[in-house]
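A.B. asks: My file is data-v7.csv. It has CSV, C-alpha atoms and all ligand atoms:
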chain,number,residue,atom,x,y,z
A,158,MET,CA,0.0,0.0,0.0
A,159,PRO,CA,1.4,3.4,-0.9
A,160,GLY,CA,2.5,5.8,1.8
A,161,MET,CA,1.3,9.4,1.8
A,162,ASN,CA,3.9,10.8,-0.4
A,163,GLU,CA,4.7,7.9,-2.7
A,164,GLY,CA,2.4,8.7,-5.6
A,165,PRO,CA,0.5,6.0,-7.5
A,166,VAL,CA,1.7,2.4,-7.4
A,167,SER,CA,2.8,1.1,-10.8
A,168,SER,CA,0.8,-2.1,-10.8
A,169,SER,CA,2.2,-5.4,-12.1
A,170,TYR,CA,-0.6,-7.8,-11.3
A,171,THR,CA,-1.1,-10.4,-14.0
A,172,GLU,CA,-3.7,-12.7,-12.3
A,173,SER,CA,-7.2,-11.6,-11.4
A,174,ARG,CA,-7.7,-10.2,-7.9
A,175,HIS,CA,-10.8,-9.5,-6.0
A,176,VAL,CA,-11.5,-6.1,-4.4
A,177,LYS,CA,-14.5,-4.7,-2.6
A,178,LEU,CA,-14.7,-1.4,-4.4
A,179,LEU,CA,-13.0,-0.3,-7.6
A,180,VAL,CA,-12.9,3.3,-8.6
A,181,LEU,CA,-12.1,4.2,-12.3
A,182,GLY,CA,-10.5,7.6,-12.6
A,183,SER,CA,-8.3,9.9,-10.5
A,184,GLY,CA,-10.0,13.2,-11.1
A,185,PRO,CA,-12.0,15.1,-8.4
A,186,ALA,CA,-14.9,12.6,-8.6
A,187,GLY,CA,-12.7,9.5,-8.3
A,188,LEU,CA,-10.5,10.7,-5.6
A,189,ALA,CA,-13.3,12.1,-3.5
A,190,ALA,CA,-15.1,8.8,-3.9
A,191,ALA,CA,-11.8,7.1,-2.8
A,192,LEU,CA,-11.6,9.3,0.3
A,193,TYR,CA,-15.1,8.5,1.5
A,194,ALA,CA,-14.8,4.8,0.7
A,195,ALA,CA,-11.5,4.6,2.4
A,196,ARG,CA,-12.9,6.2,5.6
A,197,ALA,CA,-15.7,3.6,5.4
A,198,GLU,CA,-12.8,1.0,5.5
A,199,LEU,CA,-13.6,-0.4,2.1
A,200,ALA,CA,-9.9,-0.2,1.0
A,201,PRO,CA,-10.9,1.1,-2.4
A,202,VAL,CA,-8.6,0.6,-5.3
A,203,VAL,CA,-8.4,3.6,-7.7
A,204,LEU,CA,-7.2,3.1,-11.3
A,205,THR,CA,-5.8,6.5,-12.3
A,206,GLY,CA,-6.1,6.3,-16.1
A,207,THR,CA,-3.5,8.3,-18.0
A,208,GLU,CA,-4.4,11.6,-16.5
A,209,LEU,CA,-3.5,11.6,-12.8
A,210,GLY,CA,-5.6,14.2,-11.1
A,211,GLY,CA,-8.0,14.4,-14.1
A,212,GLN,CA,-8.8,17.6,-16.0
A,213,ALA,CA,-8.4,19.7,-13.0
A,214,ALA,CA,-4.7,18.9,-13.0
A,215,LEU,CA,-4.4,20.6,-16.5
A,216,THR,CA,-5.3,24.0,-15.2
A,217,PHE,CA,-2.8,26.4,-13.6
A,218,SER,CA,-5.1,27.8,-10.9
A,219,ILE,CA,-8.5,26.9,-9.5
A,220,GLU,CA,-10.1,29.8,-7.9
A,221,ASN,CA,-13.6,28.5,-7.2
A,222,TYR,CA,-12.9,25.5,-5.0
A,223,PRO,CA,-13.8,26.4,-1.4
A,224,GLY,CA,-11.1,26.4,1.3
A,225,PHE,CA,-8.5,28.0,-0.9
A,226,PRO,CA,-9.0,31.8,-0.7
A,227,GLN,CA,-5.9,32.5,-2.8
A,228,GLY,CA,-6.8,29.8,-5.3
A,229,VAL,CA,-4.9,26.5,-5.7
A,230,GLY,CA,-2.9,24.9,-8.5
A,231,GLY,CA,-4.9,22.3,-10.4
A,232,ALA,CA,-2.2,19.6,-10.1
A,233,GLU,CA,-1.6,20.6,-6.4
A,234,LEU,CA,-5.3,20.1,-5.6
A,235,GLY,CA,-5.2,16.6,-7.3
A,236,ASP,CA,-2.2,15.7,-5.2
A,237,LEU,CA,-3.9,16.8,-2.0
A,238,PHE,CA,-7.0,14.8,-2.9
A,239,GLN,CA,-4.9,11.8,-3.5
A,240,LYS,CA,-2.8,12.1,-0.3
A,241,GLN,CA,-6.0,12.5,1.8
A,242,ALA,CA,-7.6,9.4,0.3
A,243,GLU,CA,-4.3,7.4,0.7
A,244,ARG,CA,-4.1,8.5,4.4
A,245,PHE,CA,-7.2,6.4,5.0
A,246,GLY,CA,-6.1,3.4,3.0
A,247,ALA,CA,-7.1,4.1,-0.6
A,248,GLN,CA,-4.8,2.3,-3.0
A,249,VAL,CA,-4.1,4.5,-6.1
A,250,GLU,CA,-2.6,2.6,-9.0
A,251,PHE,CA,-1.3,4.0,-12.3
A,252,ASP,CA,-3.4,1.8,-14.5
A,253,THR,CA,-6.1,2.1,-17.1
A,254,ALA,CA,-9.2,0.0,-17.5
A,255,TYR,CA,-10.2,-1.0,-21.1
A,256,SER,CA,-13.2,-3.3,-20.7
A,257,VAL,CA,-15.9,-4.1,-18.2
A,258,ASP,CA,-18.4,-6.8,-17.7
A,259,PHE,CA,-21.3,-6.1,-15.4
A,260,SER,CA,-23.4,-9.1,-16.5
A,261,ALA,CA,-22.3,-11.2,-13.5
A,262,ARG,CA,-21.1,-10.6,-10.0
A,263,PRO,CA,-18.5,-9.9,-9.0
A,264,PHE,CA,-18.1,-7.4,-11.8
A,265,LYS,CA,-15.1,-7.9,-14.1
A,266,VAL,CA,-12.8,-5.1,-15.2
A,267,VAL,CA,-9.9,-5.7,-17.5
A,268,ALA,CA,-7.1,-3.2,-17.1
A,269,ASP,CA,-3.5,-2.9,-18.4
A,270,SER,CA,-2.3,-4.8,-15.3
A,271,GLY,CA,-4.8,-7.6,-15.6
A,272,LYS,CA,-8.2,-8.7,-14.6
A,273,ILE,CA,-9.9,-7.2,-11.5
A,274,LEU,CA,-13.0,-8.6,-9.9
A,275,THR,CA,-15.0,-6.1,-7.8
A,276,ASP,CA,-18.1,-6.2,-5.6
A,277,ALA,CA,-19.0,-2.6,-6.4
A,278,LEU,CA,-17.7,-0.1,-8.9
A,279,ILE,CA,-17.6,3.7,-9.2
A,280,ILE,CA,-17.2,5.1,-12.7
A,281,ALA,CA,-15.4,8.4,-12.6
A,282,THR,CA,-13.7,8.5,-16.0
A,283,GLY,CA,-14.5,12.1,-16.6
A,284,ALA,CA,-14.2,13.7,-20.0
A,285,SER,CA,-11.7,14.6,-22.7
A,286,PRO,CA,-11.4,17.8,-24.9
A,287,PHE,CA,-13.4,18.1,-28.1
A,288,HIS,CA,-11.4,18.5,-31.2
A,289,LEU,CA,-12.2,21.0,-34.0
A,290,ASN,CA,-11.8,18.2,-36.6
A,291,ILE,CA,-10.3,20.5,-39.2
A,292,PRO,CA,-7.3,19.9,-41.6
A,293,GLY,CA,-4.0,20.4,-39.8
A,294,GLU,CA,-5.3,19.9,-36.3
A,295,ILE,CA,-4.0,16.4,-35.7
A,296,GLU,CA,-0.8,17.0,-37.8
A,297,GLN,CA,0.1,20.1,-35.7
A,298,THR,CA,-0.8,18.7,-32.3
A,299,GLY,CA,2.3,19.1,-30.2
A,300,LYS,CA,3.8,21.4,-32.9
A,301,GLY,CA,1.7,24.4,-31.8
A,302,VAL,CA,-1.8,22.9,-31.3
A,303,SER,CA,-2.6,22.3,-27.7
A,304,TYR,CA,-5.5,21.5,-25.4
A,305,CYS,CA,-3.7,22.5,-22.2
A,306,ALA,CA,-2.3,26.0,-21.5
A,307,THR,CA,-0.7,25.0,-18.2
A,308,CYS,CA,1.2,22.2,-19.9
A,309,ASP,CA,2.3,24.1,-23.0
A,310,GLY,CA,2.0,27.9,-22.3
A,311,TRP,CA,5.7,28.2,-21.4
A,312,PHE,CA,6.7,27.2,-24.9
A,313,PHE,CA,5.0,30.3,-26.3
A,314,LYS,CA,7.1,33.0,-24.5
A,315,ASP,CA,6.9,36.2,-26.5
A,316,LYS,CA,4.9,34.5,-29.3
A,317,LYS,CA,1.5,35.1,-30.7
A,318,VAL,CA,-1.1,32.6,-29.9
A,319,ILE,CA,-4.8,32.1,-30.5
A,320,VAL,CA,-7.4,30.5,-28.3
A,321,VAL,CA,-10.6,28.9,-29.7
A,322,GLY,CA,-13.8,29.0,-27.5
A,323,GLY,CA,-16.0,31.3,-25.5
A,324,GLY,CA,-16.6,29.5,-22.2
A,325,ASP,CA,-15.0,29.6,-18.8
A,326,SER,CA,-12.1,27.4,-19.9
A,327,ALA,CA,-11.3,29.4,-23.0
A,328,LEU,CA,-11.1,32.7,-21.0
A,329,GLU,CA,-9.3,31.2,-18.0
A,330,GLU,CA,-6.7,29.6,-20.2
A,331,GLY,CA,-6.5,32.7,-22.4
A,332,LEU,CA,-5.8,34.8,-19.4
A,333,PHE,CA,-3.2,32.4,-18.2
A,334,LEU,CA,-1.4,32.5,-21.6
A,335,THR,CA,-1.0,36.3,-21.3
A,336,ARG,CA,1.8,35.5,-18.9
A,337,TYR,CA,3.9,34.1,-21.7
A,338,ALA,CA,2.6,35.2,-25.1
A,339,SER,CA,3.1,38.6,-26.6
A,340,SER,CA,-0.6,38.5,-27.7
A,341,VAL,CA,-3.6,36.2,-27.2
A,342,THR,CA,-6.5,36.4,-29.7
A,343,ILE,CA,-9.7,34.6,-28.8
A,344,PHE,CA,-11.7,33.3,-31.7
A,345,HIS,CA,-15.3,32.7,-30.9
A,346,ARG,CA,-18.0,31.4,-33.3
A,347,ARG,CA,-20.7,33.6,-31.7
A,348,ASP,CA,-20.9,37.3,-30.8
A,349,SER,CA,-21.1,36.9,-27.1
A,350,LEU,CA,-19.3,34.8,-24.5
A,351,ARG,CA,-20.7,31.9,-22.4
A,352,ALA,CA,-18.2,32.4,-19.6
A,353,GLY,CA,-19.1,33.7,-16.2
A,354,ALA,CA,-19.5,37.5,-15.7
A,355,VAL,CA,-16.3,38.0,-13.5
A,356,LEU,CA,-14.2,36.1,-16.0
A,357,GLN,CA,-15.7,38.0,-18.9
A,358,LYS,CA,-14.9,41.3,-17.4
A,359,ARG,CA,-11.3,40.4,-16.6
A,360,ALA,CA,-10.8,39.0,-20.1
A,361,LEU,CA,-12.4,41.9,-21.9
A,362,GLU,CA,-10.4,44.4,-20.0
A,363,HIS,CA,-7.1,42.7,-20.3
A,364,PRO,CA,-4.7,44.7,-22.5
A,365,LYS,CA,-3.1,41.6,-24.1
A,366,LEU,CA,-6.3,39.8,-25.0
A,367,LYS,CA,-8.1,40.5,-28.2
A,368,PHE,CA,-11.4,39.0,-29.5
A,369,VAL,CA,-12.5,38.0,-33.0
A,370,TRP,CA,-16.2,37.3,-33.0
A,371,ASN,CA,-18.4,35.2,-35.2
A,372,THR,CA,-15.4,33.4,-36.6
A,373,VAL,CA,-14.5,29.8,-36.9
A,374,LEU,CA,-11.2,28.1,-37.9
A,375,THR,CA,-11.2,26.1,-41.1
A,376,GLU,CA,-7.6,25.0,-41.3
A,377,ILE,CA,-4.4,25.0,-39.3
A,378,ILE,CA,-1.4,25.6,-41.5
A,379,GLY,CA,2.2,24.8,-40.8
A,380,ASN,CA,5.0,22.4,-41.6
A,381,GLU,CA,7.3,21.7,-38.7
A,382,LYS,CA,5.2,24.0,-36.5
A,383,VAL,CA,2.0,26.1,-36.7
A,384,GLU,CA,2.4,29.2,-38.9
A,385,ALA,CA,-1.2,30.4,-39.5
A,386,VAL,CA,-4.9,29.5,-39.3
A,387,LYS,CA,-7.5,29.9,-42.0
A,388,THR,CA,-10.7,31.5,-40.6
A,389,LYS,CA,-14.2,32.1,-41.8
A,390,ASN,CA,-16.7,34.7,-40.6
A,391,VAL,CA,-19.9,32.8,-40.0
A,392,GLN,CA,-22.0,35.9,-40.8
A,393,THR,CA,-20.3,37.3,-43.9
A,394,GLY,CA,-18.6,34.1,-45.1
A,395,GLU,CA,-15.4,36.1,-45.5
A,396,GLU,CA,-12.3,34.0,-45.3
A,397,SER,CA,-8.9,35.2,-43.9
A,398,LEU,CA,-5.5,34.0,-43.0
A,399,PHE,CA,-4.3,34.8,-39.5
A,400,PRO,CA,-0.6,34.2,-38.7
A,401,THR,CA,0.0,32.6,-35.3
A,402,ASP,CA,2.6,30.5,-33.4
A,403,GLY,CA,0.1,28.5,-31.4
A,404,VAL,CA,-3.5,27.4,-31.3
A,405,PHE,CA,-5.1,26.5,-28.0
A,406,ILE,CA,-8.5,24.8,-28.3
A,407,PHE,CA,-11.1,24.9,-25.4
A,408,ILE,CA,-14.4,24.1,-27.0
A,409,GLY,CA,-15.9,21.6,-24.6
A,410,HIS,CA,-15.5,18.0,-23.7
A,411,THR,CA,-16.8,14.5,-24.5
A,412,PRO,CA,-17.3,11.9,-21.7
A,413,ASN,CA,-14.9,9.0,-21.5
A,414,THR,CA,-17.6,6.4,-21.4
A,415,SER,CA,-17.4,4.3,-24.6
A,416,MET,CA,-16.2,1.3,-22.6
A,417,PHE,CA,-19.5,1.2,-20.8
A,418,GLU,CA,-21.8,1.1,-23.8
A,419,GLY,CA,-24.1,-1.9,-23.5
A,420,GLN,CA,-23.2,-2.4,-19.8
A,421,VAL,CA,-25.1,0.5,-18.2
A,422,GLU,CA,-27.8,2.8,-19.4
A,423,MET,CA,-26.4,6.0,-21.1
A,424,GLU,CA,-27.8,9.2,-22.6
A,425,ASN,CA,-26.0,11.2,-25.2
A,426,GLY,CA,-22.7,9.5,-24.2
A,427,TYR,CA,-23.2,10.2,-20.5
A,428,ILE,CA,-23.8,7.5,-17.9
A,429,LYS,CA,-27.4,7.8,-16.6
A,430,VAL,CA,-27.6,8.1,-12.8
A,431,ASP,CA,-30.4,8.8,-10.4
A,432,ASP,CA,-30.1,11.4,-7.5
A,433,HIS,CA,-28.0,8.9,-5.6
A,434,MET,CA,-25.5,8.2,-8.3
A,435,ASN,CA,-27.0,4.7,-9.0
A,436,THR,CA,-26.7,3.5,-12.5
A,437,ASN,CA,-29.3,0.9,-13.7
A,438,VAL,CA,-26.9,-1.9,-12.5
A,439,PRO,CA,-27.1,-2.2,-8.7
A,440,GLY,CA,-23.6,-1.8,-7.2
A,441,VAL,CA,-22.4,0.3,-10.2
A,442,TYR,CA,-22.3,4.0,-9.6
A,443,ALA,CA,-21.1,6.9,-11.7
A,444,ALA,CA,-19.9,10.4,-10.7
A,445,GLY,CA,-18.4,13.6,-12.1
A,446,GLU,CA,-18.3,14.5,-15.8
A,447,ALA,CA,-18.8,10.9,-16.9
A,448,ALA,CA,-22.4,11.3,-15.7
A,449,ASP,CA,-22.8,15.1,-15.7
A,450,SER,CA,-23.0,17.2,-18.8
A,451,HIS,CA,-24.4,20.3,-16.9
A,452,PHE,CA,-22.3,21.5,-13.9
A,453,ARG,CA,-18.8,20.2,-14.9
A,454,GLN,CA,-16.9,21.7,-12.0
A,455,VAL,CA,-14.4,20.3,-9.5
A,456,ILE,CA,-16.7,20.8,-6.6
A,457,THR,CA,-19.7,19.2,-8.2
A,458,SER,CA,-17.7,16.3,-9.5
A,459,ALA,CA,-16.1,15.8,-6.1
A,460,GLY,CA,-19.6,16.0,-4.5
A,461,MET,CA,-20.9,13.3,-6.8
A,462,GLY,CA,-17.9,11.1,-6.1
A,463,ALA,CA,-18.6,11.4,-2.3
A,464,ALA,CA,-22.3,10.6,-2.8
A,465,ALA,CA,-21.4,7.6,-5.0
A,466,ALA,CA,-19.0,6.2,-2.3
A,467,ILE,CA,-21.6,6.6,0.4
A,468,GLU,CA,-24.2,4.7,-1.7
A,469,ALA,CA,-21.6,2.0,-2.5
A,470,THR,CA,-20.9,1.6,1.2
A,471,HIS,CA,-24.6,1.1,1.9
A,472,PHE,CA,-24.8,-1.4,-1.0
A,473,LEU,CA,-21.9,-3.4,0.3
A,474,GLU,CA,-23.2,-3.4,3.8
A,475,ARG,CA,-26.6,-4.7,2.5
A,476,GLN,CA,-24.8,-7.4,0.5
A,477,ALA,CA,-22.9,-8.5,3.6
A,478,GLY,CA,-26.2,-8.8,5.4
B,1,LIG,C1,-8.5,23.7,-18.8
B,1,LIG,C2,-9.6,23.4,-17.7
B,1,LIG,C3,-9.7,24.3,-16.7
B,1,LIG,C4,-10.7,24.0,-15.7
B,1,LIG,N1,-10.9,24.9,-14.7
B,1,LIG,C5,-11.8,24.7,-13.7
B,1,LIG,C6,-11.9,25.6,-12.6
B,1,LIG,O1,-11.2,26.6,-12.5
B,1,LIG,N2,-12.8,25.2,-11.6
B,1,LIG,C7,-13.6,24.1,-11.7
B,1,LIG,O2,-14.4,23.9,-10.7
B,1,LIG,N3,-13.5,23.3,-12.7
B,1,LIG,C8,-12.6,23.5,-13.7
B,1,LIG,N4,-12.5,22.7,-14.8
B,1,LIG,C9,-13.4,21.5,-14.8
B,1,LIG,C10,-12.9,20.4,-13.9
B,1,LIG,O3,-11.6,20.2,-14.1
B,1,LIG,C11,-13.8,19.1,-14.2
B,1,LIG,O4,-15.1,19.4,-13.9
B,1,LIG,C12,-13.4,18.0,-13.2
B,1,LIG,O5,-12.0,17.7,-13.3
B,1,LIG,C13,-14.2,16.8,-13.6
B,1,LIG,O6,-13.8,15.8,-12.7
B,1,LIG,P1,-14.0,14.2,-13.0
B,1,LIG,O7,-13.3,13.5,-11.8
B,1,LIG,O8,-15.4,13.9,-13.2
B,1,LIG,O9,-13.3,13.9,-14.3
B,1,LIG,P2,-11.8,14.2,-14.9
B,1,LIG,O10,-11.2,15.4,-14.2
B,1,LIG,O11,-12.0,14.3,-16.3
B,1,LIG,O12,-11.0,12.9,-14.5
B,1,LIG,C14,-11.2,11.7,-15.2
B,1,LIG,C15,-10.2,10.7,-14.7
B,1,LIG,O13,-10.6,9.4,-15.3
B,1,LIG,C16,-9.4,8.8,-15.7
B,1,LIG,N5,-9.8,7.8,-16.7
B,1,LIG,C17,-10.3,8.0,-18.0
B,1,LIG,N6,-10.5,6.9,-18.6
B,1,LIG,C18,-10.1,5.9,-17.8
B,1,LIG,C19,-10.0,4.5,-17.8
B,1,LIG,N7,-10.4,3.8,-18.9
B,1,LIG,N8,-9.5,3.8,-16.8
B,1,LIG,C20,-9.1,4.4,-15.6
B,1,LIG,N9,-9.2,5.8,-15.5
B,1,LIG,C21,-9.7,6.5,-16.6
B,1,LIG,C22,-8.5,9.9,-16.2
B,1,LIG,O14,-7.2,9.5,-16.2
B,1,LIG,C23,-8.8,10.9,-15.1
B,1,LIG,O15,-8.0,10.7,-14.0
B,1,LIG,C24,-11.5,22.9,-15.8
B,1,LIG,C25,-11.3,22.0,-16.8
B,1,LIG,C26,-10.3,22.2,-17.8
B,1,LIG,C27,-10.1,21.2,-18.9
Can you give me the file's structure in the form of structure tokens?
C.D. replies:
Amino acid sequence: MPGMNEGPVSSSYTESRHVKLLVLGSGPAGLAAALYAARAELAPVVLTGTELGGQAALTFSIENYPGFPQGVGGAELGDLFQKQAERFGAQVEFDTAYSVDFSARPFKVVADSGKILTDALIIATGASPFHLNIPGEIEQTGKGVSYCATCDGWFFKDKKVIVVGGGDSALEEGLFLTRYASSVTIFHRRDSLRAGAVLQKRALEHPKLKFVWNTVLTEIIGNEKVEAVKTKNVQTGEESLFPTDGVFIFIGHTPNTSMFEGQVEMENGYIKVDDHMNTNVPGVYAAGEAADSHFRQVITSAGMGAAAAIEATHFLERQAG
């Protein structure tokens, strides 16, 4: 079992093992679930997936999670969540699940490390960023196209970058990029922003941030690295070429749930849950952005994770008689 500061265990199990509660995902939902389940002495096993800390770990600063009046780094918050869960006995393993079978009990999960049998399961696999699906996007990813300002912003010191999107993430990350880039231009397909009022005000007043409204990208151009984007005004149809060194895309997310198709009820790709995080399979719960297309926040995801763990605890108690 990992100690408080040891990070995830690199798992090397090859034979199947049987656990009481398996949590898939190490974002706010998964780690909050792990904390509650660990305190209920269920010794939960958490498979981190490839993104330790989840999407929250991608952002430089989280300013709306209570208890941190000065804000907290996204990766730091994930680390604190993990340490708190581990303190009570959660086992966090650097491992990814790739298939599940809920047709018989115990449930079966196949992960990179092997087969895991579990009496109850919490799905907290979150979401991944949407792509623009335009020519050049895949080819230039890592060469100037990015979905994470915290990860890649530093590479654009004194360079010109653009941000695509009009929601909270686009503005937060655009503001973050002003630390490095000489200019940040936000391209939005509408004429008004979806982001919260405080963020909008901060972005609209920032001297380094410019906005191009009613405009979409149609192609990303470059050879070894991004050089320009082709754009189109959705109202006038006018096409333009806009030189840039980097393209940061924040246009929403799609849930990481394809593995659960045919196993639990889903709606538009999201796992269907009731108020208590129950899926239609007793003993299988879902929390966070895998099951929530509406709130999509650290606090709401963590809250759903805690609720799922409380319900899983009751379920396992009932099973044990
Ligand atoms: C750039 C950015 C900035 C943001 N800023 C804020 C903010 O300031 N405030 C705020 O409240 N929210 C913010 N959010 C939203 C917040 O990060 C999410 O709402 C929250 O992280 C969702 O938590 P989650 O646990 O449901 O899923 P995620 O954070 O998406 O985590 C999913 C987890 O599941 C794992 N996983 C996926 N597939 C598998 C698999 N097959 N097997 C095992 N594990 C798997 C992943 O590795 C990951 O650990 C931001 C998001 C982004 C992208």
A.B. asks: By how many Å are atom CA of Val441 of chain A and atom C7 of ligand LIG 1 (chain B) apart?
C.D. replies: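 Taking atom CA of Val441 of chain A as the start and atom C7 of ligand LIG 1 (chain B) as the end point, the length is 25.4 Å.
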A.B. asks: With all atoms listed in the file counted and 7 Å as the cut-off, give the residues of segment 210-290 of chain A in contact with segment 412-422 of chain A, each with its shortest interatomic distance in Å and the pair that gives it, as a tab-separated table.
C.D. replies:
residue	atom	partner	partner_atom	distance
A:Tyr255	CA	A:Met416	CA	6.6
A:Ser256	CA	A:Met416	CA	5.8
A:Val257	CA	A:Phe417	CA	6.9
A:Asp258	CA	A:Gln420	CA	6.8
A:Phe259	CA	A:Gln420	CA	6.1
A:Thr282	CA	A:Asn413	CA	5.7
A:Gly283	CA	A:Asn413	CA	5.8
A:Ala284	CA	A:Pro412	CA	4.0
A:Ser285	CA	A:Pro412	CA	6.3
A.B. asks: Can you list, as a count of residues only, every protein, DNA or RNA residue that comes within 10 Å of Trp311 of chain A when you count all atoms listed in the file, leaving out same-chain residues fewer than 5 positions away?
C.D. replies: 5
A.B. asks: Considering only C-alpha atoms and all ligand atoms, state which residue in the set A:Gly426, A:Gly271, A:Gly445, A:Gly231 is at the smallest distance from ligand LIG 1 (chain B).
C.D. replies: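 Residue with the minimum atom-to-atom distance to ligand LIG 1 (chain B): A:Gly445.
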A.B. asks: Taking (-17.5, 21.3, -14.5) in the file's coordinates as the center, which residues reach within 10 Å of it, counting all atoms listed in the file, put as a PyMOL selection string?
C.D. replies: chain A and resi 212-213+283-284+325-326+410+445-446+449-458
A.B. asks: Using the selection just defined, write its residues with C-alpha atoms as a compact mmCIF listing (two decimals), in the coordinates of the input.
C.D. replies:
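result.txt, written as the output of this step:
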# COMPACT_ATOMS: atom_id res chain seq x y z
CA GLN A 212 -8.80 17.60 -16.00
CA ALA A 213 -8.40 19.70 -13.00
CA GLY A 283 -14.50 12.10 -16.60
CA ALA A 284 -14.20 13.70 -20.00
CA ASP A 325 -15.00 29.60 -18.80
CA SER A 326 -12.10 27.40 -19.90
CA HIS A 410 -15.50 18.00 -23.70
CA GLY A 445 -18.40 13.60 -12.10
CA GLU A 446 -18.30 14.50 -15.80
CA ASP A 449 -22.80 15.10 -15.70
CA SER A 450 -23.00 17.20 -18.80
CA HIS A 451 -24.40 20.30 -16.90
CA PHE A 452 -22.30 21.50 -13.90
CA ARG A 453 -18.80 20.20 -14.90
CA GLN A 454 -16.90 21.70 -12.00
CA VAL A 455 -14.40 20.30 -9.50
CA ILE A 456 -16.70 20.80 -6.60
CA THR A 457 -19.70 19.20 -8.20
CA SER A 458 -17.70 16.30 -9.50
A.B. asks: Restricting the calculation to only C-alpha atoms, which member of A:Thr470, A:Gln392, A:Thr307, A:Ser340 is positioned closest to Ser218 of chain A?
C.D. replies: A:Thr307
A.B. asks: Pick the closest to ligand LIG 1 (chain B) from A:Gly379, A:Ala463, A:Thr388, A:Phe368: which is it, counting all atoms listed in the file?
C.D. replies: A:Ala463
A.B. asks: Anything within 12 Å of (-25.2, 4.3, -4.7): list those residues as a PyMOL selection string, counting only C-alpha atoms and sticking to the file's coordinates.
C.D. replies: chain A and resi 178+190+194+277-280+430-444+461-475
A.B. asks: Using only C-alpha atoms, which residues sit within 8 Å of Thr207 of chain A once same-chain residues fewer than 3 positions away are excluded, as a PyMOL selection string?
C.D. replies: chain A and resi 251-253
A.B. asks: Could you give me the centre and size, in Å to one decimal, of an axis-aligned box around all listed atoms of ligand LIG 1 (chain B) with 8 Å added on every side, as AutoDock Vina command-line options?
C.D. replies:
--center_x -11.3 --center_y 15.2 --center_z -14.8 --size_x 24.2 --size_y 38.8 --size_z 24.2
A.B. asks: Just the number, please: distance in Å from atom CA of Phe344 of chain A to atom CA of Thr298 of chain A, one decimal.
C.D. replies: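 Atom CA of Thr298 of chain A lies at a distance of 18.2 Å from atom CA of Phe344 of chain A.
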A.B. asks: Determine the nearest neighbour of ligand LIG 1 (chain B) from the options A:Gly299, A:Gly353, A:Gly246, A:Gly478, counting only C-alpha atoms and all ligand atoms.
C.D. replies: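 Of the candidates, the smallest distance to ligand LIG 1 (chain B) is held by A:Gly353.
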